[in-house]
file target24.txt (compact mmCIF, C-alpha atoms and all ligand atoms)
# COMPACT_ATOMS: atom_id res chain seq x y z
CA MET A 1 0.00 0.00 0.00
CA ALA A 2 0.89 3.64 -0.16
CA ASN A 3 2.43 3.62 3.31
CA THR A 4 3.41 0.05 4.01
CA THR A 5 6.93 -1.26 3.89
CA VAL A 6 7.65 -3.43 0.89
CA SER A 7 6.98 -7.09 1.57
CA GLY A 8 10.07 -9.14 2.09
CA ALA A 9 11.98 -6.17 3.52
CA THR A 10 14.65 -6.99 6.04
CA ALA A 11 14.45 -5.51 9.49
CA ILE A 12 16.95 -2.74 10.10
CA HIS A 13 18.38 -2.46 13.59
CA GLY A 14 15.78 -5.01 14.62
CA GLN A 15 12.70 -3.21 13.42
CA ASN A 16 10.61 -2.16 10.46
CA PRO A 17 12.92 0.25 8.62
CA GLN A 18 10.24 2.92 8.46
CA PHE A 19 10.27 3.10 12.26
CA LEU A 20 13.71 4.68 12.08
CA VAL A 21 11.74 7.85 11.48
CA GLU A 22 9.96 8.52 14.73
CA THR A 23 6.20 8.18 14.81
CA VAL A 24 5.23 11.84 15.06
CA ILE A 25 7.33 12.86 12.08
CA ARG A 26 6.43 9.72 10.16
CA ASN A 27 2.75 10.54 10.50
CA ARG A 28 3.42 14.11 9.42
CA ILE A 29 4.99 12.69 6.29
CA TYR A 30 2.10 10.31 5.59
CA GLU A 31 -0.26 13.26 5.88
CA SER A 32 1.74 15.59 3.68
CA THR A 33 0.57 16.39 0.19
CA TYR A 34 4.02 15.83 -1.24
CA TRP A 35 3.98 12.28 0.06
CA LYS A 36 0.50 11.55 -1.22
CA GLU A 37 0.90 13.21 -4.55
CA HIS A 38 4.53 12.69 -5.50
CA CYS A 39 5.87 9.77 -3.49
CA PHE A 40 3.12 7.35 -4.40
CA ALA A 41 4.35 4.18 -6.12
CA LEU A 42 7.91 5.46 -6.49
CA THR A 43 10.51 2.85 -7.32
CA ALA A 44 14.25 2.86 -6.82
CA GLU A 45 14.40 4.10 -10.39
CA SER A 46 11.72 6.78 -10.41
CA ILE A 47 12.75 8.20 -7.04
CA ILE A 48 15.92 9.53 -8.72
CA ASP A 49 13.90 12.07 -10.69
CA LYS A 50 12.33 13.32 -7.48
CA ALA A 51 15.60 13.44 -5.57
CA ILE A 52 17.36 15.59 -8.14
CA GLU A 53 14.52 18.11 -8.00
CA VAL A 54 14.95 18.59 -4.27
CA ARG A 55 16.11 22.10 -3.42
CA PHE A 56 17.11 21.70 0.22
CA ILE A 57 17.89 19.08 2.81
CA GLY A 58 16.53 19.06 6.34
CA GLY A 59 13.99 17.48 8.64
CA VAL A 60 10.93 19.49 9.53
CA TYR A 61 10.40 23.23 9.21
CA GLY A 62 7.77 25.84 9.85
CA ASN A 63 4.75 24.22 11.41
CA GLN A 64 6.48 20.82 11.70
CA LYS A 65 6.21 20.36 7.97
CA PRO A 66 8.49 17.63 6.62
CA THR A 67 10.89 18.53 3.81
CA GLU A 68 10.63 16.71 0.50
CA PHE A 69 14.07 15.37 1.34
CA LEU A 70 12.67 13.70 4.45
CA CYS A 71 9.69 12.30 2.55
CA LEU A 72 12.04 10.71 0.04
CA LEU A 73 14.10 9.25 2.85
CA LEU A 74 11.02 7.57 4.25
CA LYS A 75 10.21 6.30 0.78
CA LEU A 76 13.65 4.71 0.54
CA LEU A 77 13.13 3.09 3.92
CA GLN A 78 9.83 1.80 2.63
CA ILE A 79 11.02 0.30 -0.63
CA GLN A 80 14.46 -0.75 0.61
CA PRO A 81 16.46 -0.76 -2.62
CA GLU A 82 19.45 -3.07 -2.96
CA LYS A 83 22.75 -1.95 -1.57
CA GLU A 84 24.34 -1.57 -5.01
CA ILE A 85 21.58 0.82 -5.99
CA LEU A 86 22.38 3.08 -3.04
CA VAL A 87 26.04 3.06 -4.05
CA GLU A 88 24.96 4.06 -7.52
CA TYR A 89 23.04 7.03 -6.09
CA LEU A 90 26.11 8.04 -4.19
CA ARG A 91 28.25 7.88 -7.29
CA ALA A 92 26.08 10.13 -9.39
CA ASP A 93 28.12 13.11 -8.31
CA GLU A 94 26.39 15.76 -10.39
CA PHE A 95 23.22 15.21 -8.38
CA LYS A 96 24.29 16.43 -4.99
CA TYR A 97 20.89 16.17 -3.33
CA LEU A 98 20.54 12.58 -4.48
CA ARG A 99 23.97 11.97 -3.00
CA ALA A 100 23.03 13.61 0.28
CA LEU A 101 19.87 11.50 0.45
CA ALA A 102 21.79 8.31 -0.24
CA ALA A 103 24.38 9.26 2.38
CA LEU A 104 21.71 9.71 5.03
CA TYR A 105 20.03 6.43 4.10
CA ILE A 106 23.31 4.56 4.11
CA ARG A 107 24.19 5.97 7.51
CA MET A 108 20.87 4.79 8.90
CA THR A 109 20.74 1.32 7.42
CA PHE A 110 24.16 -0.03 6.44
CA ARG A 111 26.68 -1.89 8.56
CA ALA A 112 29.13 0.37 10.36
CA VAL A 113 32.06 -0.77 8.21
CA ASP A 114 30.17 0.08 5.04
CA VAL A 115 29.08 3.40 6.47
CA TYR A 116 32.67 4.45 7.03
CA GLU A 117 33.93 3.10 3.76
CA LEU A 118 31.20 4.67 1.67
CA LEU A 119 30.79 7.99 3.44
CA GLU A 120 34.32 9.00 4.36
CA PRO A 121 35.30 9.69 0.75
CA LEU A 122 32.49 12.25 0.69
CA LEU A 123 34.37 14.30 3.25
CA LYS A 124 36.15 15.68 0.23
CA ASP A 125 33.01 16.86 -1.47
CA TYR A 126 32.95 20.57 -0.67
CA ARG A 127 29.82 21.56 -2.48
CA LYS A 128 27.12 23.65 -0.89
CA LEU A 129 23.76 22.29 0.12
CA ARG A 130 20.79 24.33 1.23
CA LEU A 131 19.41 23.31 4.59
CA ARG A 132 15.98 24.16 5.85
CA ASN A 133 14.89 23.68 9.44
CA MET A 134 12.79 25.32 12.10
CA SER A 135 14.99 28.38 12.09
CA GLY A 136 14.86 28.91 8.35
CA TYR A 137 17.33 28.39 5.53
CA SER A 138 21.07 28.04 5.86
CA LEU A 139 24.02 26.70 3.91
CA VAL A 140 25.93 23.59 4.73
CA PHE A 141 28.71 21.88 2.81
CA MET A 142 28.48 18.26 1.78
CA ASP A 143 31.54 17.34 3.83
CA GLU A 144 30.02 19.04 6.88
CA PHE A 145 26.78 17.17 6.37
CA VAL A 146 28.58 13.84 6.02
CA TYR A 147 30.69 14.61 9.05
CA SER A 148 27.56 15.25 11.08
CA LEU A 149 26.20 11.90 9.86
CA LEU A 150 29.29 10.19 11.22
CA THR A 151 29.44 12.05 14.51
CA GLU A 152 26.09 13.46 15.58
CA GLU A 153 23.17 11.79 17.29
CA ARG A 154 20.51 13.65 15.40
CA VAL A 155 20.58 14.73 11.77
CA CYS A 156 17.63 16.15 9.85
CA ASP A 157 15.43 15.56 12.92
CA ILE A 158 16.17 11.86 12.81
CA ILE A 159 17.86 9.97 15.57
CA MET A 160 20.87 8.26 14.09
CA PRO A 161 21.13 4.56 14.92
CA ARG A 162 24.16 3.69 16.99
CA LEU A 163 27.33 3.52 14.94
CA ALA A 164 30.32 1.55 16.15
CA LYS A 165 33.36 3.72 16.73
CA ARG A 166 35.84 3.72 13.93
CA GLN A 167 38.61 2.91 16.36
CA VAL A 168 36.82 -0.25 17.52
CA LEU A 169 36.38 -1.46 13.97
CA GLU A 170 40.02 -0.78 13.28
CA GLU A 171 41.08 -2.72 16.32
CA ASN A 172 38.95 -5.64 15.22
CA GLY A 173 40.65 -5.46 11.88
CA GLU A 174 37.35 -4.86 10.12
CA LEU A 175 38.35 -1.47 8.85
CA GLY A 176 41.65 -0.18 7.55
CA PRO A 177 43.03 2.99 9.07
CA ARG A 178 41.42 6.00 7.52
CA LYS A 179 44.47 8.18 7.27
CA SER A 180 46.45 5.94 4.97
CA ARG A 181 43.39 5.43 2.83
CA LEU A 182 42.88 9.11 2.47
CA LEU A 183 46.54 9.77 1.96
CA ALA A 184 46.74 7.14 -0.76
CA ALA A 185 43.70 8.59 -2.42
CA MET A 186 45.14 12.05 -2.23
CA GLN A 187 48.46 10.97 -3.62
CA GLY A 188 46.72 9.10 -6.37
CA ASP A 189 44.77 12.20 -7.09
CA SER A 190 47.52 14.73 -7.05
CA ASP A 191 49.35 12.79 -9.75
CA GLN A 192 46.53 13.31 -12.13
CA GLU A 193 45.05 16.47 -10.78
CA ASP A 194 46.90 18.65 -13.24
CA LYS A 195 46.18 16.52 -16.26
CA ASP A 196 42.45 16.25 -16.07
CA SER A 197 39.78 17.86 -14.03
CA SER A 198 38.87 14.64 -12.17
CA LYS A 199 35.25 14.97 -13.15
CA SER A 200 34.93 11.88 -15.28
CA ARG A 201 36.92 9.68 -12.98
CA SER A 202 34.57 10.29 -10.14
CA THR A 203 32.07 7.96 -11.69
CA ASN A 204 34.49 5.09 -11.37
CA THR A 205 36.10 5.71 -8.03
CA MET A 206 34.78 7.27 -4.92
CA ASP A 207 38.08 8.71 -3.81
CA VAL A 208 38.13 11.91 -5.72
CA ASP A 209 37.63 15.54 -5.05
CA VAL A 210 34.48 17.00 -6.31
CA LYS A 211 34.49 20.64 -7.10
CA GLU A 212 31.68 23.07 -7.00
CA SER A 213 30.21 23.30 -10.44
CA MET B 1 -64.15 -7.15 0.32
CA ALA B 2 -64.56 -10.62 1.70
CA ASP B 3 -65.03 -12.31 -1.66
CA LYS B 4 -61.67 -11.14 -2.84
CA GLY B 5 -59.86 -13.50 -0.51
CA GLY B 6 -56.82 -12.78 1.58
CA ALA B 7 -54.50 -9.87 1.04
CA TYR B 8 -51.97 -12.15 -0.64
CA GLY B 9 -54.44 -13.96 -2.80
CA THR B 10 -55.50 -10.91 -4.70
CA LYS B 11 -55.68 -11.16 -8.43
CA ALA B 12 -56.05 -7.48 -9.11
CA ALA B 13 -55.16 -6.75 -12.72
CA ASP B 14 -53.54 -3.44 -11.90
CA THR B 15 -50.59 -5.06 -10.17
CA ASP B 16 -49.74 -7.42 -12.99
CA PHE B 17 -46.83 -5.27 -14.01
CA ARG B 18 -44.99 -6.36 -10.90
CA LYS B 19 -42.17 -8.74 -11.36
CA LYS B 20 -43.08 -12.31 -10.64
CA TRP B 21 -40.78 -14.20 -8.38
CA ASP B 22 -38.93 -16.84 -10.27
CA LYS B 23 -38.69 -19.14 -7.32
CA GLU B 24 -36.41 -21.62 -8.95
CA GLU B 25 -33.92 -19.06 -10.04
CA TYR B 26 -33.77 -17.43 -6.64
CA ALA B 27 -33.47 -20.74 -4.89
CA GLU B 28 -30.57 -21.50 -7.16
CA ARG B 29 -28.93 -18.17 -6.40
CA ALA B 30 -29.41 -18.54 -2.68
CA LYS B 31 -27.91 -22.00 -2.84
CA LYS B 32 -24.89 -20.70 -4.68
CA LYS B 33 -24.44 -17.89 -2.21
CA ASP B 34 -24.70 -20.28 0.71
CA GLN B 35 -22.17 -22.50 -0.96
CA GLU B 36 -19.74 -19.59 -1.44
CA GLU B 37 -20.26 -18.48 2.11
CA ARG B 38 -19.64 -21.99 3.41
CA GLU B 39 -16.43 -22.22 1.41
CA ARG B 40 -15.31 -18.86 2.70
CA MET B 41 -15.99 -19.88 6.27
CA GLN B 42 -14.09 -23.08 5.79
CA GLU B 43 -11.20 -21.17 4.30
CA ASN B 44 -11.27 -18.68 7.13
CA GLU B 45 -11.25 -21.45 9.68
CA GLU B 46 -8.15 -22.80 8.04
CA ARG B 47 -6.62 -19.34 8.08
CA MET B 48 -7.51 -18.83 11.74
CA LYS B 49 -5.81 -22.09 12.59
CA LYS B 50 -2.70 -20.77 10.92
CA GLY B 51 -3.08 -17.54 12.86
CA LYS B 52 -3.98 -15.42 9.86
CA ARG B 53 -6.63 -12.76 9.51
CA PRO B 54 -9.97 -14.02 8.13
CA LEU B 55 -10.90 -12.86 4.66
CA LYS B 56 -13.85 -10.59 4.24
CA GLY B 57 -16.58 -11.38 1.75
CA ARG B 58 -15.99 -10.22 -1.76
CA LYS B 59 -17.88 -7.06 -2.51
CA ASP B 60 -17.55 -6.92 -6.24
CA ASP B 61 -16.42 -9.17 -9.00
CA LEU B 62 -13.58 -7.17 -10.43
CA PRO B 63 -11.13 -9.08 -12.57
CA LYS B 64 -7.88 -10.10 -10.95
CA PRO B 65 -5.33 -7.25 -10.93
CA THR B 66 -2.88 -7.71 -13.72
CA GLN B 67 -0.45 -4.87 -13.06
CA LEU B 68 1.83 -3.84 -10.26
CA MET B 69 1.19 -0.51 -8.60
CA GLN B 70 2.05 2.21 -11.10
CA GLN B 71 3.21 5.74 -10.69
CA ARG B 72 0.70 8.21 -12.08
CA GLU B 73 1.77 9.30 -15.51
CA ALA B 74 0.54 12.86 -15.66
CA PRO B 75 0.81 15.45 -12.92
CA LEU B 76 -2.40 15.71 -10.95
CA GLU B 77 -2.72 19.49 -11.27
CA LEU B 78 -4.69 19.66 -8.08
CA ASP B 79 -4.51 23.43 -8.05
CA LYS B 80 -5.36 24.02 -11.70
CA ASN B 81 -8.79 25.36 -10.79
CA LEU B 82 -7.64 27.13 -7.68
CA GLY B 83 -9.31 30.50 -7.30
CA LYS B 84 -11.61 29.92 -10.24
CA THR B 85 -15.36 30.01 -10.13
CA MET B 86 -16.88 26.89 -11.62
CA VAL B 87 -20.39 26.28 -12.84
CA VAL B 88 -21.90 23.27 -11.14
CA GLN B 89 -24.00 21.36 -13.63
CA ASN B 90 -26.04 18.90 -11.64
CA PRO B 91 -26.02 19.96 -8.03
CA GLY B 92 -27.06 17.26 -5.63
CA GLY B 93 -26.52 14.52 -8.17
CA LYS B 94 -23.79 11.99 -8.61
CA GLY B 95 -21.05 11.65 -11.14
CA PRO B 96 -19.07 14.27 -13.05
CA GLY B 97 -19.90 17.95 -13.00
CA GLN B 98 -19.94 18.03 -9.22
CA PRO B 99 -17.88 20.50 -7.28
CA GLY B 100 -14.66 18.93 -6.10
CA PHE B 101 -12.40 16.25 -7.47
CA TYR B 102 -13.92 13.54 -9.59
CA CYS B 103 -12.52 10.04 -10.06
CA GLU B 104 -13.64 8.79 -13.42
CA THR B 105 -12.64 5.21 -12.78
CA CYS B 106 -14.74 4.87 -9.67
CA ASN B 107 -17.37 7.51 -10.47
CA ARG B 108 -16.90 9.28 -7.20
CA THR B 109 -16.39 12.89 -6.25
CA TYR B 110 -14.31 14.22 -3.39
CA LYS B 111 -14.76 17.56 -1.72
CA ASP B 112 -11.09 18.34 -1.29
CA SER B 113 -7.72 17.40 -2.69
CA VAL B 114 -6.77 15.42 0.40
CA GLY B 115 -9.82 13.18 0.16
CA TYR B 116 -9.18 12.76 -3.53
CA LEU B 117 -5.50 11.93 -3.02
CA ASP B 118 -6.38 9.40 -0.34
CA HIS B 119 -8.83 7.84 -2.71
CA ILE B 120 -6.54 7.54 -5.72
CA ASN B 121 -3.89 6.02 -3.48
CA SER B 122 -6.36 3.58 -1.99
CA ARG B 123 -6.56 -0.13 -2.44
CA ALA B 124 -10.10 0.11 -3.84
CA HIS B 125 -9.09 2.56 -6.54
CA LEU B 126 -6.02 0.57 -7.49
CA ARG B 127 -8.17 -2.53 -7.68
CA ALA B 128 -10.52 -0.74 -10.05
CA LEU B 129 -7.51 0.13 -12.20
CA GLY B 130 -6.47 -3.50 -12.19
CA GLN B 131 -3.36 -2.84 -10.13
CA THR B 132 -2.06 -4.68 -7.13
CA THR B 133 -0.66 -2.85 -4.15
CA LYS B 134 2.86 -3.99 -4.84
CA ILE B 135 5.45 -1.89 -6.59
CA GLU B 136 7.90 -3.01 -9.17
CA ARG B 137 11.43 -3.62 -7.94
CA SER B 138 13.94 -1.68 -9.98
CA THR B 139 17.09 -3.43 -11.06
CA LEU B 140 20.55 -1.98 -10.78
CA ALA B 141 20.68 -1.73 -14.57
CA GLN B 142 17.47 0.32 -14.64
CA VAL B 143 18.86 2.67 -12.01
CA GLN B 144 22.12 3.08 -13.88
CA ALA B 145 20.30 3.74 -17.13
CA ARG B 146 18.09 6.34 -15.47
CA ILE B 147 21.05 8.17 -13.97
CA ALA B 148 22.85 8.13 -17.32
CA TYR B 149 19.75 9.49 -19.01
CA LEU B 150 19.26 12.25 -16.45
CA ARG B 151 22.92 13.12 -16.66
CA GLU B 152 22.61 13.68 -20.41
CA LYS B 153 19.40 15.59 -19.98
CA THR B 154 20.78 18.01 -17.42
CA LYS B 155 23.88 18.50 -19.53
CA GLU B 156 21.74 19.34 -22.52
CA ALA B 157 19.60 21.69 -20.49
CA ALA B 158 22.68 23.45 -19.17
CA SER B 159 24.21 23.87 -22.61
CA ALA B 160 20.90 24.98 -24.05
CA LYS B 161 20.71 27.64 -21.38
CA ALA B 162 24.26 28.77 -22.09
CA PHE B 163 23.48 28.84 -25.79
CA ASP B 164 20.38 30.89 -25.15
CA PHE B 165 22.39 33.31 -23.11
CA ASP B 166 25.07 33.71 -25.75
CA GLN B 167 22.50 34.20 -28.44
CA ARG B 168 20.62 36.75 -26.41
CA LEU B 169 23.82 38.65 -25.75
CA ALA B 170 24.65 38.68 -29.44
CA GLU B 171 21.19 39.94 -30.23
CA VAL B 172 21.48 42.75 -27.73
CA ARG B 173 24.87 43.75 -29.13
CA GLU B 174 23.53 43.73 -32.66
CA LYS B 175 20.63 45.92 -31.66
CA GLU B 176 22.89 48.39 -29.89
CA ARG B 177 25.13 48.56 -32.90
CA GLU B 178 22.17 49.27 -35.15
CA ILE B 179 20.96 52.05 -32.92
CA ARG B 180 24.42 53.57 -32.84
CA GLU B 181 24.67 53.43 -36.58
CA ASN B 182 21.29 54.98 -37.12
CA LYS B 183 22.22 57.84 -34.87
CA LYS B 184 25.48 58.31 -36.68
CA ALA B 185 23.72 58.37 -40.03
CA GLU B 186 21.21 60.85 -38.70
CA ARG B 187 23.89 63.14 -37.43
CA LYS B 188 25.69 62.90 -40.72
CA ALA B 189 22.58 63.73 -42.69
CA GLU B 190 21.92 66.73 -40.49
CA LYS B 191 25.40 68.01 -40.95
CA GLU B 192 25.14 67.57 -44.67
CA LYS B 193 21.87 69.46 -44.72
CA ALA B 194 23.33 72.27 -42.69
CA ARG B 195 26.31 72.45 -45.01
CA LEU B 196 24.16 72.63 -48.12
CA ALA B 197 22.00 75.30 -46.56
CA MET B 198 25.09 77.27 -45.72
CA ILE B 199 26.39 77.11 -49.25
CA GLN B 200 23.16 78.42 -50.62
CA ASP B 201 22.84 81.24 -48.08
CA ASP B 202 26.36 82.34 -47.94
CA GLY B 203 27.96 83.13 -51.26
CA ASP B 204 31.10 84.48 -49.63
CA SER B 205 32.05 81.29 -48.18
CA GLU B 206 31.67 79.45 -51.43
CA MET B 207 35.31 78.83 -51.62
CA ALA B 208 35.44 77.47 -48.13
CA ALA B 209 32.46 75.26 -48.82
CA LEU B 210 34.08 73.88 -51.88
CA MET B 211 37.11 73.10 -49.87
CA GLY B 212 35.00 71.01 -47.56
CA PHE B 213 34.60 73.17 -44.47
CA GLY B 214 32.12 75.79 -43.57
CA GLY B 215 34.43 78.07 -41.66
CA PHE B 216 35.50 77.98 -38.05
CA GLY B 217 33.43 78.79 -35.09
CA SER B 218 29.88 79.88 -35.42
CA THR B 219 28.10 79.51 -38.72
CA LYS B 220 25.55 82.06 -37.60
CA LYS B 221 25.42 85.40 -39.31
ZN ZN C 1 -11.08 5.89 -8.05

call {"tool": "encode", "arguments": {"input": "target24.txt", "output": "C-alpha cells", "more": "lines below"}}
Ligand SMILES: [Zn+2]
result
Amino acid sequence: MANTTVSGATAIHGQNPQFLVETVIRNRIYESTYWKEHCFALTAESIIDKAIEVRFIGGVYGNQKPTEFLCLLLKLLQIQPEKEILVEYLRADEFKYLRALAALYIRMTFRAVDVYELLEPLLKDYRKLRLRNMSGYSLVFMDEFVYSLLTEERVCDIIMPRLAKRQVLEENGELGPRKSRLLAAMQGDSDQEDKDSSKSRSTNTMDVDVKES
Amino acid sequence: MADKGGAYGTKAADTDFRKKWDKEEYAERAKKKDQEERERMQENEERMKKGKRPLKGRKDDLPKPTQLMQQREAPLELDKNLGKTMVVQNPGGKGPGQPGFYCETCNRTYKDSVGYLDHINSRAHLRALGQTTKIERSTLAQVQARIAYLREKTKEAASAKAFDFDQRLAEVREKEREIRENKKAERKAEKEKARLAMIQDDGDSEMAALMGFGGFGSTKK
C-alpha cells in the first residue's frame, strides 16, 4: 500500500525500517501532500527524478512540515532498494541532493564498516547544500553534512542509529586505518590532478575531489 | 371485500406489471451464495488455525489485478482550478460535474484534494484500475540507465541555457550597434543638410564650402 513497507523487507536495527523515522514525524509525512501526490508508487528508479529536483535538505520546518528530502528518505526506507543501488546514487556526483539523500540512508541502514567506507570519501566533497529547518534556511557543505552523519546523534530531525566507533572497527581489523586510505587517495589524485579535471573519474572511483560546479 | 380472498391472494389486474418471483432461479442463487459463504468460512477457519486474519466477503467481482502498482503518468494538477469560479451542472446529483475532485474510474467525487488523493492512493481505486498494491522492484541496470539518461538531460539543459544566453547577448549587441549606426547616419545627414544650406545662403564662403569646411566657429550670421 501507499504507506506500508515493501513485503520481504529486512528488518533494520531489529525493526521495520520505516520506524527509524519517529512516529510523530512519520505521520506528518504520511499526511503531507508531497507524500500523497509525489511519493506514491515510487521505485528505486523513479525516485531519482524526485531526488534531483529537491532544493534543500533538512527534517521538519515551519509548522512541523516535513521537507521533500525527508519524505524521500522515508520512501527509501519503505522500498528498501538493494545496496548496489544506493552506491549508484552516491556515485552520481552531479546530483548532490541525491547523493546527500543516499548518504543519510546509508548511515541509517548499512553496517558500520560500510558506512565508514562509503561515506568517508564524501568528506572531500565541498559543495554547498541548502538546509531548511525550524529556524529557516542556511548553507551547509556536503563534507560538513557527512561529518555530522558520522558524529552526531541527530541529523535532519532523525535519531541516528548507533554507529560503532571507527577505532573499535580498526582494532577488530574490520576497517583499515582512515588516514592511509585518504593519503593514498590524495596521492593518487595529485598525480593526475593537473592533467584532467577529475570529473569523469569520479564515476568510477569514490576517492576523488568533487568541485563546486 | 370478503369475496376477494386474503390480502396475498389478490388477483387485481392493476398489479400485474410487478415482477413475478422466479422461485427456482432465486433458490438456485441462494444456494450458490450459501455455498460460497460456506467455502469462505471453511477457508477462514483454516486461516484462523494458521493464525492469519480471516478474509472478508468479496464485494464486487472485479477481474484479478494484472499490473503492479504504477506511478501516475501525468501530474495531478490539483490546483489548476484554484481561485476559479466553476459552474456546477447537476447539483445534488452523482457523477461528473460536481464541485470537487472527480474520479472517473470509480465515479466518485471528493470535496477536497486530500480526500481525492487518499482515494486515488487507496486499495479500492487501485483494484478498479487493475493494479495490485505492490510496486515493481527496480534493477541496478534500470537505475544506472536512469542516472545516465538524467545526466545527459541536465547536460543538454545546461548547454541549451548557455546557448540561449550567448545568443541573447549577441542579439542585444547587434541591436545596440544598429541604434548607434542609425544615430550616426542621422547626425551625418543633419550636418550635410546644414552644409548645403550654408552654401546656398552664404555666397562668400563658397570657396570654403568647396574646400570642404564651412568656416570655423559659429556659422551664424
Ligand atoms: Zn477511483

call {"tool": "closest_atom_pairs", "arguments": {"input": "target24.txt", "of": "chain B", "to": "ligand ZN 1 (chain C)", "cutoff": "10 Å", "atoms": "all atoms listed in the file", "output": "JSON lines"}}
result
{"residue": "B:Tyr102", "atom": "CA", "partner": "C:ZN1", "partner_atom": "ZN", "distance": 8.3}
{"residue": "B:Cys103", "atom": "CA", "partner": "C:ZN1", "partner_atom": "ZN", "distance": 4.8}
{"residue": "B:Glu104", "atom": "CA", "partner": "C:ZN1", "partner_atom": "ZN", "distance": 6.6}
{"residue": "B:Thr105", "atom": "CA", "partner": "C:ZN1", "partner_atom": "ZN", "distance": 5.0}
{"residue": "B:Cys106", "atom": "CA", "partner": "C:ZN1", "partner_atom": "ZN", "distance": 4.1}
{"residue": "B:Asn107", "atom": "CA", "partner": "C:ZN1", "partner_atom": "ZN", "distance": 6.9}
{"residue": "B:Arg108", "atom": "CA", "partner": "C:ZN1", "partner_atom": "ZN", "distance": 6.8}
{"residue": "B:Thr109", "atom": "CA", "partner": "C:ZN1", "partner_atom": "ZN", "distance": 9.0}
{"residue": "B:Tyr116", "atom": "CA", "partner": "C:ZN1", "partner_atom": "ZN", "distance": 8.4}
{"residue": "B:Leu117", "atom": "CA", "partner": "C:ZN1", "partner_atom": "ZN", "distance": 9.6}
{"residue": "B:Asp118", "atom": "CA", "partner": "C:ZN1", "partner_atom": "ZN", "distance": 9.7}
{"residue": "B:His119", "atom": "CA", "partner": "C:ZN1", "partner_atom": "ZN", "distance": 6.1}
{"residue": "B:Ile120", "atom": "CA", "partner": "C:ZN1", "partner_atom": "ZN", "distance": 5.4}
{"residue": "B:Asn121", "atom": "CA", "partner": "C:ZN1", "partner_atom": "ZN", "distance": 8.5}
{"residue": "B:Ser122", "atom": "CA", "partner": "C:ZN1", "partner_atom": "ZN", "distance": 8.0}
{"residue": "B:Arg123", "atom": "CA", "partner": "C:ZN1", "partner_atom": "ZN", "distance": 9.4}
{"residue": "B:Ala124", "atom": "CA", "partner": "C:ZN1", "partner_atom": "ZN", "distance": 7.2}
{"residue": "B:His125", "atom": "CA", "partner": "C:ZN1", "partner_atom": "ZN", "distance": 4.2}
{"residue": "B:Leu126", "atom": "CA", "partner": "C:ZN1", "partner_atom": "ZN", "distance": 7.4}
{"residue": "B:Arg127", "atom": "CA", "partner": "C:ZN1", "partner_atom": "ZN", "distance": 8.9}
{"residue": "B:Ala128", "atom": "CA", "partner": "C:ZN1", "partner_atom": "ZN", "distance": 6.9}
{"residue": "B:Leu129", "atom": "CA", "partner": "C:ZN1", "partner_atom": "ZN", "distance": 7.9}

call {"tool": "interface_residues", "arguments": {"input": "target24.txt", "of": "chain A", "to": "chain B", "cutoff": "7 Å", "atoms": "all atoms listed in the file", "output": "mmCIF file with C-alpha atoms, in the coordinates of the input"}}
result
data_model
loop_
_atom_site.group_PDB
_atom_site.id
_atom_site.type_symbol
_atom_site.label_atom_id
_atom_site.label_comp_id
_atom_site.auth_asym_id
_atom_site.auth_seq_id
_atom_site.Cartn_x
_atom_site.Cartn_y
_atom_site.Cartn_z
ATOM 1 C CA MET A 1 0.000 0.000 0.000
ATOM 2 C CA ALA A 2 0.890 3.640 -0.160
ATOM 3 C CA LYS A 36 0.500 11.550 -1.220
ATOM 4 C CA GLU A 37 0.900 13.210 -4.550
ATOM 5 C CA PHE A 40 3.120 7.350 -4.400
ATOM 6 C CA ALA A 41 4.350 4.180 -6.120
ATOM 7 C CA LEU A 42 7.910 5.460 -6.490
ATOM 8 C CA THR A 43 10.510 2.850 -7.320
ATOM 9 C CA ALA A 44 14.250 2.860 -6.820
ATOM 10 C CA GLU A 45 14.400 4.100 -10.390
ATOM 11 C CA GLU A 84 24.340 -1.570 -5.010
ATOM 12 C CA ILE A 85 21.580 0.820 -5.990
#

call {"tool": "closest_residue", "arguments": {"input": "target24.txt", "among": "A:Ala100, A:Leu73, A:Ile47, A:Ile52", "to": "Glu144 in chain A", "atoms": "all atoms listed in the file"}}
result
A:Ala100

call {"tool": "atom_distance", "arguments": {"input": "target24.txt", "atom1": "CA of Ser32 in chain A", "atom2": "CA of Ala92 in chain A"}}
result
28.2 Å

call {"tool": "atom_distance", "arguments": {"input": "target24.txt", "atom1": "CA of Trp35 in chain A", "atom2": "CA of Val155 in chain A"}}
result
20.5 Å

call {"tool": "decode", "arguments": {"input": "target24.txt", "residues": "range 22-30 of chain B", "atoms": "N, CA and C atoms", "output": "short mmCIF file (atom, residue, chain, number, x, y, z; two decimals), in the first residue's frame"}}
result
data_model
loop_
_atom_site.label_atom_id
_atom_site.label_comp_id
_atom_site.auth_asym_id
_atom_site.auth_seq_id
_atom_site.Cartn_x
_atom_site.Cartn_y
_atom_site.Cartn_z
N ASP B 22 -39.31 -15.59 -9.64
CA ASP B 22 -38.93 -16.84 -10.27
C ASP B 22 -38.30 -17.68 -9.17
N LYS B 23 -39.14 -18.44 -8.52
CA LYS B 23 -38.69 -19.14 -7.32
C LYS B 23 -37.47 -20.02 -7.57
N GLU B 24 -37.51 -20.69 -8.67
CA GLU B 24 -36.41 -21.62 -8.95
C GLU B 24 -35.07 -20.89 -9.06
N GLU B 25 -35.16 -19.81 -9.83
CA GLU B 25 -33.92 -19.06 -10.04
C GLU B 25 -33.36 -18.54 -8.72
N TYR B 26 -34.25 -18.00 -7.90
CA TYR B 26 -33.77 -17.43 -6.64
C TYR B 26 -33.27 -18.49 -5.69
N ALA B 27 -33.92 -19.63 -5.72
CA ALA B 27 -33.47 -20.74 -4.89
C ALA B 27 -32.06 -21.13 -5.31
N GLU B 28 -31.88 -21.14 -6.61
CA GLU B 28 -30.57 -21.50 -7.16
C GLU B 28 -29.51 -20.51 -6.69
N ARG B 29 -29.88 -19.22 -6.79
CA ARG B 29 -28.93 -18.17 -6.40
C ARG B 29 -28.58 -18.26 -4.92
N ALA B 30 -29.62 -18.47 -4.13
CA ALA B 30 -29.41 -18.54 -2.68
C ALA B 30 -28.50 -19.71 -2.34
#
